[in-house]
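Enquirer: My structure file target.pdb, PDB, C-alpha atoms, is below:
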```
ATOM      1  CA  MET A   1     -38.332  25.096  20.724
ATOM      2  CA  SER A   2     -40.207  22.282  22.389
ATOM      3  CA  GLU A   3     -42.081  19.177  21.431
ATOM      4  CA  GLN A   4     -45.748  19.142  20.653
ATOM      5  CA  PRO A   5     -47.756  16.931  22.985
ATOM      6  CA  VAL A   6     -48.953  13.668  21.472
ATOM      7  CA  ALA A   7     -52.063  14.015  19.281
ATOM      8  CA  ALA A   8     -52.826  17.015  17.079
ATOM      9  CA  PHE A   9     -52.158  16.136  13.469
ATOM     10  CA  PRO A  10     -52.385  18.990  11.052
ATOM     11  CA  PRO A  11     -55.607  18.871   9.055
ATOM     12  CA  PRO A  12     -55.240  17.056   5.738
ATOM     13  CA  ALA A  13     -56.406  20.108   3.868
ATOM     14  CA  GLY A  14     -54.585  21.806   1.013
ATOM     15  CA  LEU A  15     -51.384  23.579   1.963
ATOM     16  CA  ALA A  16     -50.033  26.870   0.695
ATOM     17  CA  MET A  17     -46.457  26.182  -0.352
ATOM     18  CA  ALA A  18     -43.623  28.437   0.749
ATOM     19  CA  GLY A  19     -40.001  28.572  -0.346
ATOM     20  CA  GLU A  20     -38.093  27.865  -3.507
ATOM     21  CA  ALA A  21     -39.622  25.610  -6.107
ATOM     22  CA  GLU A  22     -36.575  23.391  -5.958
ATOM     23  CA  ALA A  23     -34.513  22.607  -2.893
ATOM     24  CA  GLY A  24     -32.613  19.591  -1.625
ATOM     25  CA  VAL A  25     -35.136  16.790  -1.319
ATOM     26  CA  CYS A  26     -35.021  12.995  -1.363
ATOM     27  CA  VAL A  27     -37.556  11.103  -3.459
ATOM     28  CA  ASP A  28     -37.764   7.314  -3.555
ATOM     29  CA  GLY A  29     -34.330   6.939  -2.053
ATOM     30  CA  VAL A  30     -32.620   9.331  -4.458
ATOM     31  CA  CYS A  31     -31.367  12.632  -3.074
ATOM     32  CA  ALA A  32     -30.564  14.846  -6.018
ATOM     33  CA  VAL A  33     -28.650  18.080  -5.623
ATOM     34  CA  PRO A  34     -30.402  21.155  -7.036
ATOM     35  CA  SER A  35     -28.263  23.436  -9.156
ATOM     36  CA  PRO A  36     -26.966  26.515  -7.303
ATOM     37  CA  GLU A  37     -29.057  28.786  -9.512
ATOM     38  CA  GLU A  38     -32.214  26.848  -8.797
ATOM     39  CA  ASP A  39     -31.413  26.743  -5.098
ATOM     40  CA  ALA A  40     -30.887  30.485  -4.921
ATOM     41  CA  GLU A  41     -33.746  31.825  -7.021
ATOM     42  CA  PRO A  42     -37.382  30.848  -7.249
ATOM     43  CA  ALA A  43     -38.231  28.960 -10.413
ATOM     44  CA  ASP A  44     -40.600  30.639 -12.845
TER      45      ASP A  44
ATOM     46  CA  MET B   1     -50.439  36.258  25.217
ATOM     47  CA  THR B   2     -48.996  34.488  22.180
ATOM     48  CA  SER B   3     -50.368  31.255  20.795
ATOM     49  CA  SER B   4     -48.070  28.391  19.938
ATOM     50  CA  ILE B   5     -47.176  27.447  16.387
ATOM     51  CA  HIS B   6     -46.947  23.784  15.530
ATOM     52  CA  VAL B   7     -44.458  22.531  12.988
ATOM     53  CA  ASP B   8     -44.869  19.002  11.662
ATOM     54  CA  VAL B   9     -41.857  17.537   9.910
ATOM     55  CA  TRP B  10     -41.908  14.438   7.727
ATOM     56  CA  SER B  11     -38.468  12.964   7.408
ATOM     57  CA  ASP B  12     -36.479   9.760   7.358
ATOM     58  CA  ILE B  13     -33.315   8.982   9.280
ATOM     59  CA  ALA B  14     -31.742   7.710   6.045
ATOM     60  CA  CYS B  15     -32.426  11.003   4.236
ATOM     61  CA  PRO B  16     -29.337  13.215   3.924
ATOM     62  CA  TRP B  17     -31.374  16.286   3.014
ATOM     63  CA  CYS B  18     -33.469  15.782   6.150
ATOM     64  CA  TYR B  19     -30.491  16.217   8.493
ATOM     65  CA  ILE B  20     -29.278  19.204   6.472
ATOM     66  CA  GLY B  21     -32.845  20.542   6.501
ATOM     67  CA  LYS B  22     -32.966  20.078  10.260
ATOM     68  CA  ARG B  23     -29.988  22.393  10.665
ATOM     69  CA  LYS B  24     -31.485  24.950   8.282
ATOM     70  CA  PHE B  25     -34.841  24.809  10.026
ATOM     71  CA  GLU B  26     -33.124  25.268  13.389
ATOM     72  CA  ALA B  27     -31.290  28.308  12.042
ATOM     73  CA  GLY B  28     -34.533  29.732  10.693
ATOM     74  CA  LEU B  29     -36.271  29.056  13.986
ATOM     75  CA  ALA B  30     -33.475  30.723  15.950
ATOM     76  CA  ALA B  31     -34.032  33.881  13.911
ATOM     77  CA  PHE B  32     -37.768  33.876  14.684
ATOM     78  CA  ALA B  33     -38.697  36.130  17.584
ATOM     79  CA  GLY B  34     -41.337  33.710  18.835
ATOM     80  CA  ALA B  35     -39.163  30.588  18.821
ATOM     81  CA  ASP B  36     -40.107  29.690  22.388
ATOM     82  CA  ASP B  37     -43.723  29.319  21.276
ATOM     83  CA  VAL B  38     -42.920  26.869  18.471
ATOM     84  CA  THR B  39     -43.526  23.162  18.980
ATOM     85  CA  VAL B  40     -42.061  20.577  16.642
ATOM     86  CA  THR B  41     -43.118  17.018  15.892
ATOM     87  CA  TYR B  42     -41.236  14.644  13.630
ATOM     88  CA  HIS B  43     -43.332  12.228  11.590
ATOM     89  CA  SER B  44     -42.350   9.007   9.892
ATOM     90  CA  PHE B  45     -41.616   8.725   6.194
ATOM     91  CA  GLU B  46     -39.990   5.675   4.661
ATOM     92  CA  LEU B  47     -37.811   7.047   1.933
ATOM     93  CA  SER B  48     -36.841   3.758   0.389
ATOM     94  CA  PRO B  49     -39.151   0.912   1.452
ATOM     95  CA  ASP B  50     -37.215  -1.630  -0.610
ATOM     96  CA  THR B  51     -34.152  -1.292   1.625
ATOM     97  CA  PRO B  52     -33.328  -4.513   3.501
ATOM     98  CA  VAL B  53     -32.471  -4.448   7.216
ATOM     99  CA  ASP B  54     -28.987  -5.634   6.313
ATOM    100  CA  PHE B  55     -27.348  -4.469   3.128
ATOM    101  CA  GLU B  56     -23.788  -5.519   2.497
ATOM    102  CA  GLY B  57     -22.238  -2.653   0.629
ATOM    103  CA  SER B  58     -21.767   1.089   0.532
ATOM    104  CA  ALA B  59     -24.226   3.872  -0.165
ATOM    105  CA  VAL B  60     -22.894   3.919  -3.711
ATOM    106  CA  ASP B  61     -23.487   0.170  -4.050
ATOM    107  CA  PHE B  62     -27.028   0.555  -2.750
ATOM    108  CA  LEU B  63     -28.038   3.358  -5.078
ATOM    109  CA  ALA B  64     -26.421   1.659  -8.046
ATOM    110  CA  GLN B  65     -28.067  -1.705  -7.321
ATOM    111  CA  HIS B  66     -31.480  -0.617  -6.025
ATOM    112  CA  LYS B  67     -32.073   2.585  -7.959
ATOM    113  CA  GLY B  68     -30.189   1.764 -11.129
ATOM    114  CA  MET B  69     -28.056   4.879 -10.958
ATOM    115  CA  PRO B  70     -24.631   4.974 -12.623
ATOM    116  CA  ARG B  71     -21.925   4.688  -9.966
ATOM    117  CA  GLU B  72     -20.171   7.796 -11.229
ATOM    118  CA  GLN B  73     -23.350   9.834 -10.875
ATOM    119  CA  VAL B  74     -23.934   8.522  -7.357
ATOM    120  CA  ASP B  75     -20.358   9.315  -6.383
ATOM    121  CA  GLN B  76     -20.726  12.872  -7.592
ATOM    122  CA  MET B  77     -24.099  13.308  -5.884
ATOM    123  CA  LEU B  78     -22.806  12.074  -2.536
ATOM    124  CA  ARG B  79     -19.707  14.274  -2.755
ATOM    125  CA  GLN B  80     -21.910  17.308  -3.374
ATOM    126  CA  VAL B  81     -24.256  16.440  -0.519
ATOM    127  CA  THR B  82     -21.266  15.908   1.798
ATOM    128  CA  THR B  83     -19.966  19.375   0.936
ATOM    129  CA  ILE B  84     -23.360  20.984   1.540
ATOM    130  CA  ALA B  85     -23.669  19.105   4.847
ATOM    131  CA  SER B  86     -20.284  20.425   5.856
ATOM    132  CA  ASP B  87     -21.512  23.962   5.190
ATOM    133  CA  VAL B  88     -24.096  23.514   7.959
ATOM    134  CA  GLY B  89     -21.659  21.858  10.358
ATOM    135  CA  LEU B  90     -22.360  18.195   9.623
ATOM    136  CA  ASP B  91     -19.627  15.648   8.967
ATOM    137  CA  TYR B  92     -21.202  13.111   6.623
ATOM    138  CA  ASP B  93     -19.254   9.908   6.045
ATOM    139  CA  PHE B  94     -21.037   7.990   3.287
ATOM    140  CA  ASP B  95     -18.256   5.385   3.218
ATOM    141  CA  SER B  96     -19.328   4.217   6.670
ATOM    142  CA  VAL B  97     -23.118   4.547   6.279
ATOM    143  CA  ARG B  98     -24.999   1.310   7.025
ATOM    144  CA  GLN B  99     -27.969   1.219   4.664
ATOM    145  CA  THR B 100     -30.955  -0.257   6.453
ATOM    146  CA  LYS B 101     -34.714  -0.296   6.718
ATOM    147  CA  THR B 102     -35.810   2.576   8.964
ATOM    148  CA  LEU B 103     -39.239   1.433  10.178
ATOM    149  CA  LEU B 104     -37.880   0.363  13.576
ATOM    150  CA  ALA B 105     -36.081   3.677  13.977
ATOM    151  CA  HIS B 106     -39.373   5.441  13.320
ATOM    152  CA  GLN B 107     -41.037   3.326  15.984
ATOM    153  CA  ALA B 108     -38.299   4.383  18.390
ATOM    154  CA  LEU B 109     -39.010   8.019  17.521
ATOM    155  CA  HIS B 110     -42.676   7.549  18.361
ATOM    156  CA  PHE B 111     -41.690   5.992  21.672
ATOM    157  CA  ALA B 112     -39.404   8.956  22.328
ATOM    158  CA  ARG B 113     -42.208  11.355  21.448
ATOM    159  CA  GLU B 114     -44.463   9.811  24.047
ATOM    160  CA  HIS B 115     -41.679  10.231  26.574
ATOM    161  CA  GLY B 116     -40.930  13.844  25.648
ATOM    162  CA  MET B 117     -37.554  13.143  24.062
ATOM    163  CA  GLN B 118     -38.248  12.921  20.363
ATOM    164  CA  LEU B 119     -36.084  15.866  19.344
ATOM    165  CA  GLU B 120     -33.133  14.437  21.237
ATOM    166  CA  LEU B 121     -33.513  11.033  19.608
ATOM    167  CA  VAL B 122     -33.987  12.463  16.112
ATOM    168  CA  GLU B 123     -30.682  14.280  16.449
ATOM    169  CA  ARG B 124     -28.956  11.222  17.910
ATOM    170  CA  LEU B 125     -30.173   8.892  15.149
ATOM    171  CA  PHE B 126     -29.200  11.252  12.339
ATOM    172  CA  ALA B 127     -25.690  11.622  13.735
ATOM    173  CA  ALA B 128     -25.400   7.886  14.318
ATOM    174  CA  TYR B 129     -26.419   7.128  10.748
ATOM    175  CA  PHE B 130     -24.602   9.794   8.744
ATOM    176  CA  GLU B 131     -21.554  10.556  10.851
ATOM    177  CA  GLU B 132     -20.802   7.449  12.881
ATOM    178  CA  GLY B 133     -21.684   4.489  10.688
ATOM    179  CA  ARG B 134     -24.073   3.020  13.251
ATOM    180  CA  HIS B 135     -26.709   0.467  12.275
ATOM    181  CA  VAL B 136     -30.064   2.091  13.086
ATOM    182  CA  GLY B 137     -32.170  -0.802  11.829
ATOM    183  CA  LYS B 138     -31.665  -3.148  14.761
ATOM    184  CA  VAL B 139     -33.265  -3.214  18.172
ATOM    185  CA  ASP B 140     -29.990  -3.448  20.122
ATOM    186  CA  GLU B 141     -28.503  -0.381  18.433
ATOM    187  CA  LEU B 142     -31.699   1.634  18.772
ATOM    188  CA  VAL B 143     -31.963   0.769  22.460
ATOM    189  CA  ALA B 144     -28.347   1.806  23.015
ATOM    190  CA  LEU B 145     -28.849   5.088  21.158
ATOM    191  CA  GLY B 146     -32.113   5.714  22.970
ATOM    192  CA  ALA B 147     -30.428   5.159  26.316
ATOM    193  CA  GLU B 148     -27.824   7.757  25.381
ATOM    194  CA  VAL B 149     -30.531  10.422  25.214
ATOM    195  CA  GLY B 150     -32.178   9.279  28.428
ATOM    196  CA  LEU B 151     -34.838   6.820  27.309
ATOM    197  CA  GLU B 152     -35.487   3.824  29.505
ATOM    198  CA  PRO B 153     -33.795   0.910  27.702
ATOM    199  CA  ASP B 154     -36.052  -1.940  28.794
ATOM    200  CA  ALA B 155     -39.229  -0.037  27.966
ATOM    201  CA  LEU B 156     -37.880   0.972  24.550
ATOM    202  CA  ARG B 157     -36.791  -2.588  23.816
ATOM    203  CA  ALA B 158     -40.211  -3.939  24.788
ATOM    204  CA  ALA B 159     -41.963  -1.390  22.575
ATOM    205  CA  LEU B 160     -39.764  -2.281  19.606
ATOM    206  CA  ASP B 161     -40.106  -6.028  20.172
ATOM    207  CA  LYS B 162     -43.893  -5.773  20.386
ATOM    208  CA  GLY B 163     -44.265  -3.286  17.553
ATOM    209  CA  THR B 164     -46.193  -0.999  19.863
ATOM    210  CA  TYR B 165     -45.770   1.977  17.533
ATOM    211  CA  ALA B 166     -45.923   0.205  14.191
ATOM    212  CA  ALA B 167     -49.463   1.462  13.547
ATOM    213  CA  ALA B 168     -48.464   5.016  14.470
ATOM    214  CA  VAL B 169     -45.639   4.878  11.934
ATOM    215  CA  GLN B 170     -48.057   3.721   9.259
ATOM    216  CA  ALA B 171     -50.485   6.500  10.228
ATOM    217  CA  ASP B 172     -47.732   9.059   9.669
ATOM    218  CA  ILE B 173     -46.946   7.573   6.278
ATOM    219  CA  ALA B 174     -50.650   7.618   5.383
ATOM    220  CA  GLN B 175     -50.891  11.240   6.454
ATOM    221  CA  ALA B 176     -47.967  12.100   4.197
ATOM    222  CA  ARG B 177     -49.766  10.380   1.349
ATOM    223  CA  ALA B 178     -52.912  12.403   2.108
ATOM    224  CA  TYR B 179     -50.885  15.595   1.800
ATOM    225  CA  GLY B 180     -49.409  14.373  -1.453
ATOM    226  CA  ILE B 181     -45.890  14.410  -0.048
ATOM    227  CA  GLN B 182     -43.556  12.791  -2.553
ATOM    228  CA  GLY B 183     -40.249  13.479  -0.917
ATOM    229  CA  VAL B 184     -38.599  14.582   2.304
ATOM    230  CA  PRO B 185     -37.916  16.634   4.281
ATOM    231  CA  PHE B 186     -41.359  18.193   4.255
ATOM    232  CA  TYR B 187     -42.538  20.749   6.793
ATOM    233  CA  VAL B 188     -46.083  21.783   7.622
ATOM    234  CA  ILE B 189     -46.006  25.075   9.498
ATOM    235  CA  GLY B 190     -49.031  26.107  11.480
ATOM    236  CA  GLY B 191     -51.081  23.414   9.739
ATOM    237  CA  LYS B 192     -51.234  25.712   6.732
ATOM    238  CA  TYR B 193     -47.913  26.319   4.987
ATOM    239  CA  GLY B 194     -45.973  23.534   3.344
ATOM    240  CA  VAL B 195     -42.217  23.754   2.850
ATOM    241  CA  SER B 196     -40.579  21.094   0.719
ATOM    242  CA  GLY B 197     -36.886  20.326   0.979
ATOM    243  CA  ALA B 198     -33.876  21.693   2.805
ATOM    244  CA  GLN B 199     -34.745  25.308   2.165
ATOM    245  CA  ARG B 200     -32.780  28.364   3.238
ATOM    246  CA  PRO B 201     -33.277  29.316   6.918
ATOM    247  CA  GLU B 202     -35.030  32.534   5.907
ATOM    248  CA  VAL B 203     -37.809  30.529   4.261
ATOM    249  CA  PHE B 204     -38.651  28.945   7.612
ATOM    250  CA  THR B 205     -38.371  32.233   9.468
ATOM    251  CA  GLN B 206     -40.695  33.956   7.005
ATOM    252  CA  ALA B 207     -43.256  31.157   7.130
ATOM    253  CA  LEU B 208     -43.270  31.270  10.934
ATOM    254  CA  GLU B 209     -43.668  35.049  10.864
ATOM    255  CA  GLN B 210     -46.530  34.714   8.408
ATOM    256  CA  VAL B 211     -48.346  32.229  10.626
ATOM    257  CA  ARG B 212     -47.874  34.458  13.650
ATOM    258  CA  ALA B 213     -49.054  37.560  11.770
ATOM    259  CA  GLU B 214     -52.183  35.764  10.613
ATOM    260  CA  ALA B 215     -52.885  34.592  14.151
ATOM    261  CA  VAL B 216     -52.628  38.182  15.432
ATOM    262  CA  GLU B 217     -54.930  39.436  12.656
ATOM    263  CA  ALA B 218     -57.491  36.781  13.456
ATOM    264  CA  ARG B 219     -57.830  37.890  17.062
TER     265      ARG B 219
END
```
Since I need it in another form, could you write the structure as structure tokens?
Expert:
Amino acid sequence: MSEQPVAAFPPPAGLAMAGEAEAGVCVDGVCAVPSPEEDAEPAD
Amino acid sequence: MTSSIHVDVWSDIACPWCYIGKRKFEAGLAAFAGADDVTVTYHSFELSPDTPVDFEGSAVDFLAQHKGMPREQVDQMLRQVTTIASDVGLDYDFDSVRQTKTLLAHQALHFAREHGMQLELVERLFAAYFEEGRHVGKVDELVALGAEVGLEPDALRAALDKGTYAAAVQADIAQARAYGIQGVPFYVIGGKYGVSGAQRPEVFTQALEQVRAEAVEAR
């Protein structure tokens, strides 16, 4: 792993999301803990 | 010949899931066969802009006062996060955390990026904040921590005093807004795949493999 040289922002286009629908994330200073079930399985 | 894969990470030093996510991302990267071709850039995100530089009180006090959360709920949340952090080898100590505004820390990370030491400083600042109770909102502390990873202290101090990277920090925050990023950590892999939160390592490995497979197909 290395650092990317300065410059090169990713394009502000739409992103395809990967991963579980709910994982540990902090929003507006609050860092809620997802339930184990939600963390382990994709949400419908 | 293999092409490099860029990973852009939006995070905040004061974000407990970001440090946990860093460990999970690193584990996912380690399991990726092309790890040597992956480049990583950390971008600024201010998780809680209403945080003062100096807050007298604990993490529980801060969340109760600034976010209106019941103290019992905050206590439980922080205990759970501490346990999850421990699972990835991190020793969170929320009793010693010094809540502070992180804009200066982000400026220091931009300085470090320009000097090829951003990853080292990211790691140092996370540990300082969550494990050591250091104050990462003040120039003196940031200069000391920067020096520990090999940054030139006088140059870092001058950059922080002048606000040399203040605009770059705001550009990162604007970019996050353009993506619609609401929370952190947030990863953009290969400029195409978004990963929100401290996901399992396999999620990162699979996304990296997907980007590499698509690059091979496109040749």
Enquirer: Please write as a PyMOL selection string the full residue list that the PyMOL selection byres ((chain B and resi 158-172) around 10) yields on this file.
Expert: (chain A and resi 9) or (chain B and resi 10+42-46+103-111+138-140+142-143+153-157+173-178)
Enquirer: Ranking B:Glu120, B:Glu132, B:Glu217, B:Asp91 by minimum distance to B:Ala147 and counting only C-alpha atoms, which one comes first?
Expert: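 Nearest to B:Ala147: B:Glu120.
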Enquirer: Could you spell out the hits of the PyMOL selection byres ((chain B) within 6 of (chain A)) on the shown file, as a PDB file with C-alpha atoms, in the frame of the given file?
Expert:
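The new file expr-v8.pdb reads:
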```pdb
ATOM      1  CA  TRP B  17     -31.374  16.286   3.014  1.00  0.00           C
ATOM      2  CA  ALA B  35     -39.163  30.588  18.821  1.00  0.00           C
ATOM      3  CA  ASP B  36     -40.107  29.690  22.388  1.00  0.00           C
ATOM      4  CA  VAL B  38     -42.920  26.869  18.471  1.00  0.00           C
ATOM      5  CA  THR B  39     -43.526  23.162  18.980  1.00  0.00           C
ATOM      6  CA  VAL B  40     -42.061  20.577  16.642  1.00  0.00           C
ATOM      7  CA  THR B  41     -43.118  17.018  15.892  1.00  0.00           C
ATOM      8  CA  LEU B  47     -37.811   7.047   1.933  1.00  0.00           C
ATOM      9  CA  SER B  48     -36.841   3.758   0.389  1.00  0.00           C
ATOM     10  CA  GLY B 183     -40.249  13.479  -0.917  1.00  0.00           C
ATOM     11  CA  VAL B 184     -38.599  14.582   2.304  1.00  0.00           C
ATOM     12  CA  GLY B 191     -51.081  23.414   9.739  1.00  0.00           C
ATOM     13  CA  LYS B 192     -51.234  25.712   6.732  1.00  0.00           C
ATOM     14  CA  TYR B 193     -47.913  26.319   4.987  1.00  0.00           C
ATOM     15  CA  GLY B 194     -45.973  23.534   3.344  1.00  0.00           C
ATOM     16  CA  VAL B 195     -42.217  23.754   2.850  1.00  0.00           C
ATOM     17  CA  GLY B 197     -36.886  20.326   0.979  1.00  0.00           C
ATOM     18  CA  ALA B 198     -33.876  21.693   2.805  1.00  0.00           C
ATOM     19  CA  GLN B 199     -34.745  25.308   2.165  1.00  0.00           C
ATOM     20  CA  VAL B 203     -37.809  30.529   4.261  1.00  0.00           C
TER      21      VAL B 203
END
```
Enquirer: Within 10 Å of B:Leu145, counting only C-alpha atoms, which residues show up once you throw out same-chain ones fewer than 6 positions away? Write them as a PyMOL selection string, please.
Expert: chain B and resi 108+121+124-125+128+134+136+139+151+153
Enquirer: Which polymer residues have any atom within 10 Å of an atom of stretch 76-79 of chain B, counting only C-alpha atoms, with same-chain residues fewer than 4 positions away left out, as a ChimeraX atom specification?
Expert: /A:30-33 /B:16,59-60,71-72,83-85,92-95
Enquirer: Work out how far atom CA of B:Pro49 is from atom CA of B:Lys67, in Å to one decimal.
Expert: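 Between atom CA of B:Lys67 and atom CA of B:Pro49 the gap works out to 11.9 Å.
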Enquirer: Would you mind reading off the distance between atom CA of B:His135 and atom CA of B:Tyr19, one decimal, in Å?
Expert: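 If I compute the distance from atom CA of B:His135 to atom CA of B:Tyr19, I get 16.6 Å.
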Enquirer: Hey, what comes out of the PyMOL selection byres ((chain B and resi 25-32) around 9) on this file? Could you write it as a PDB file with C-alpha atoms, keeping the file's coordinate frame?
Expert:
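And here is the file that came out, expr_13.pdb:
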```
ATOM      1  CA  MET A   1     -38.332  25.096  20.724  1.00  0.00           C
TER       2      MET A   1
ATOM      3  CA  ILE B  20     -29.278  19.204   6.472  1.00  0.00           C
ATOM      4  CA  GLY B  21     -32.845  20.542   6.501  1.00  0.00           C
ATOM      5  CA  LYS B  22     -32.966  20.078  10.260  1.00  0.00           C
ATOM      6  CA  ARG B  23     -29.988  22.393  10.665  1.00  0.00           C
ATOM      7  CA  LYS B  24     -31.485  24.950   8.282  1.00  0.00           C
ATOM      8  CA  ALA B  33     -38.697  36.130  17.584  1.00  0.00           C
ATOM      9  CA  GLY B  34     -41.337  33.710  18.835  1.00  0.00           C
ATOM     10  CA  ALA B  35     -39.163  30.588  18.821  1.00  0.00           C
ATOM     11  CA  VAL B  38     -42.920  26.869  18.471  1.00  0.00           C
ATOM     12  CA  ALA B 198     -33.876  21.693   2.805  1.00  0.00           C
ATOM     13  CA  GLN B 199     -34.745  25.308   2.165  1.00  0.00           C
ATOM     14  CA  ARG B 200     -32.780  28.364   3.238  1.00  0.00           C
ATOM     15  CA  PRO B 201     -33.277  29.316   6.918  1.00  0.00           C
ATOM     16  CA  GLU B 202     -35.030  32.534   5.907  1.00  0.00           C
ATOM     17  CA  VAL B 203     -37.809  30.529   4.261  1.00  0.00           C
ATOM     18  CA  PHE B 204     -38.651  28.945   7.612  1.00  0.00           C
ATOM     19  CA  THR B 205     -38.371  32.233   9.468  1.00  0.00           C
ATOM     20  CA  GLN B 206     -40.695  33.956   7.005  1.00  0.00           C
ATOM     21  CA  LEU B 208     -43.270  31.270  10.934  1.00  0.00           C
ATOM     22  CA  GLU B 209     -43.668  35.049  10.864  1.00  0.00           C
TER      23      GLU B 209
END
```
Enquirer: Quick one: distance from atom CA of B:Cys15 to atom CA of B:Gln210 in Å, one decimal?
Expert: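 Going from atom CA of B:Cys15 over to atom CA of B:Gln210, I get 27.9 Å.
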Enquirer: Go through B:Gln73, B:Pro52, B:Glu141, B:Gly190 and flag the residue nearest B:Ala213, using all atoms listed in the file for the distances.
Expert: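 Nearest to B:Ala213: B:Gly190.
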Enquirer: Could you write out as AutoDock Vina command-line options the box around stretch 125-142 of chain B (axis-aligned, all atoms listed in the file, 5 Å on each side), with centre and edge lengths in Å to one decimal?
Expert:
```
--center_x -27.0 --center_y 4.1 --center_z 14.4 --size_x 22.5 --size_y 25.1 --size_z 21.4
```
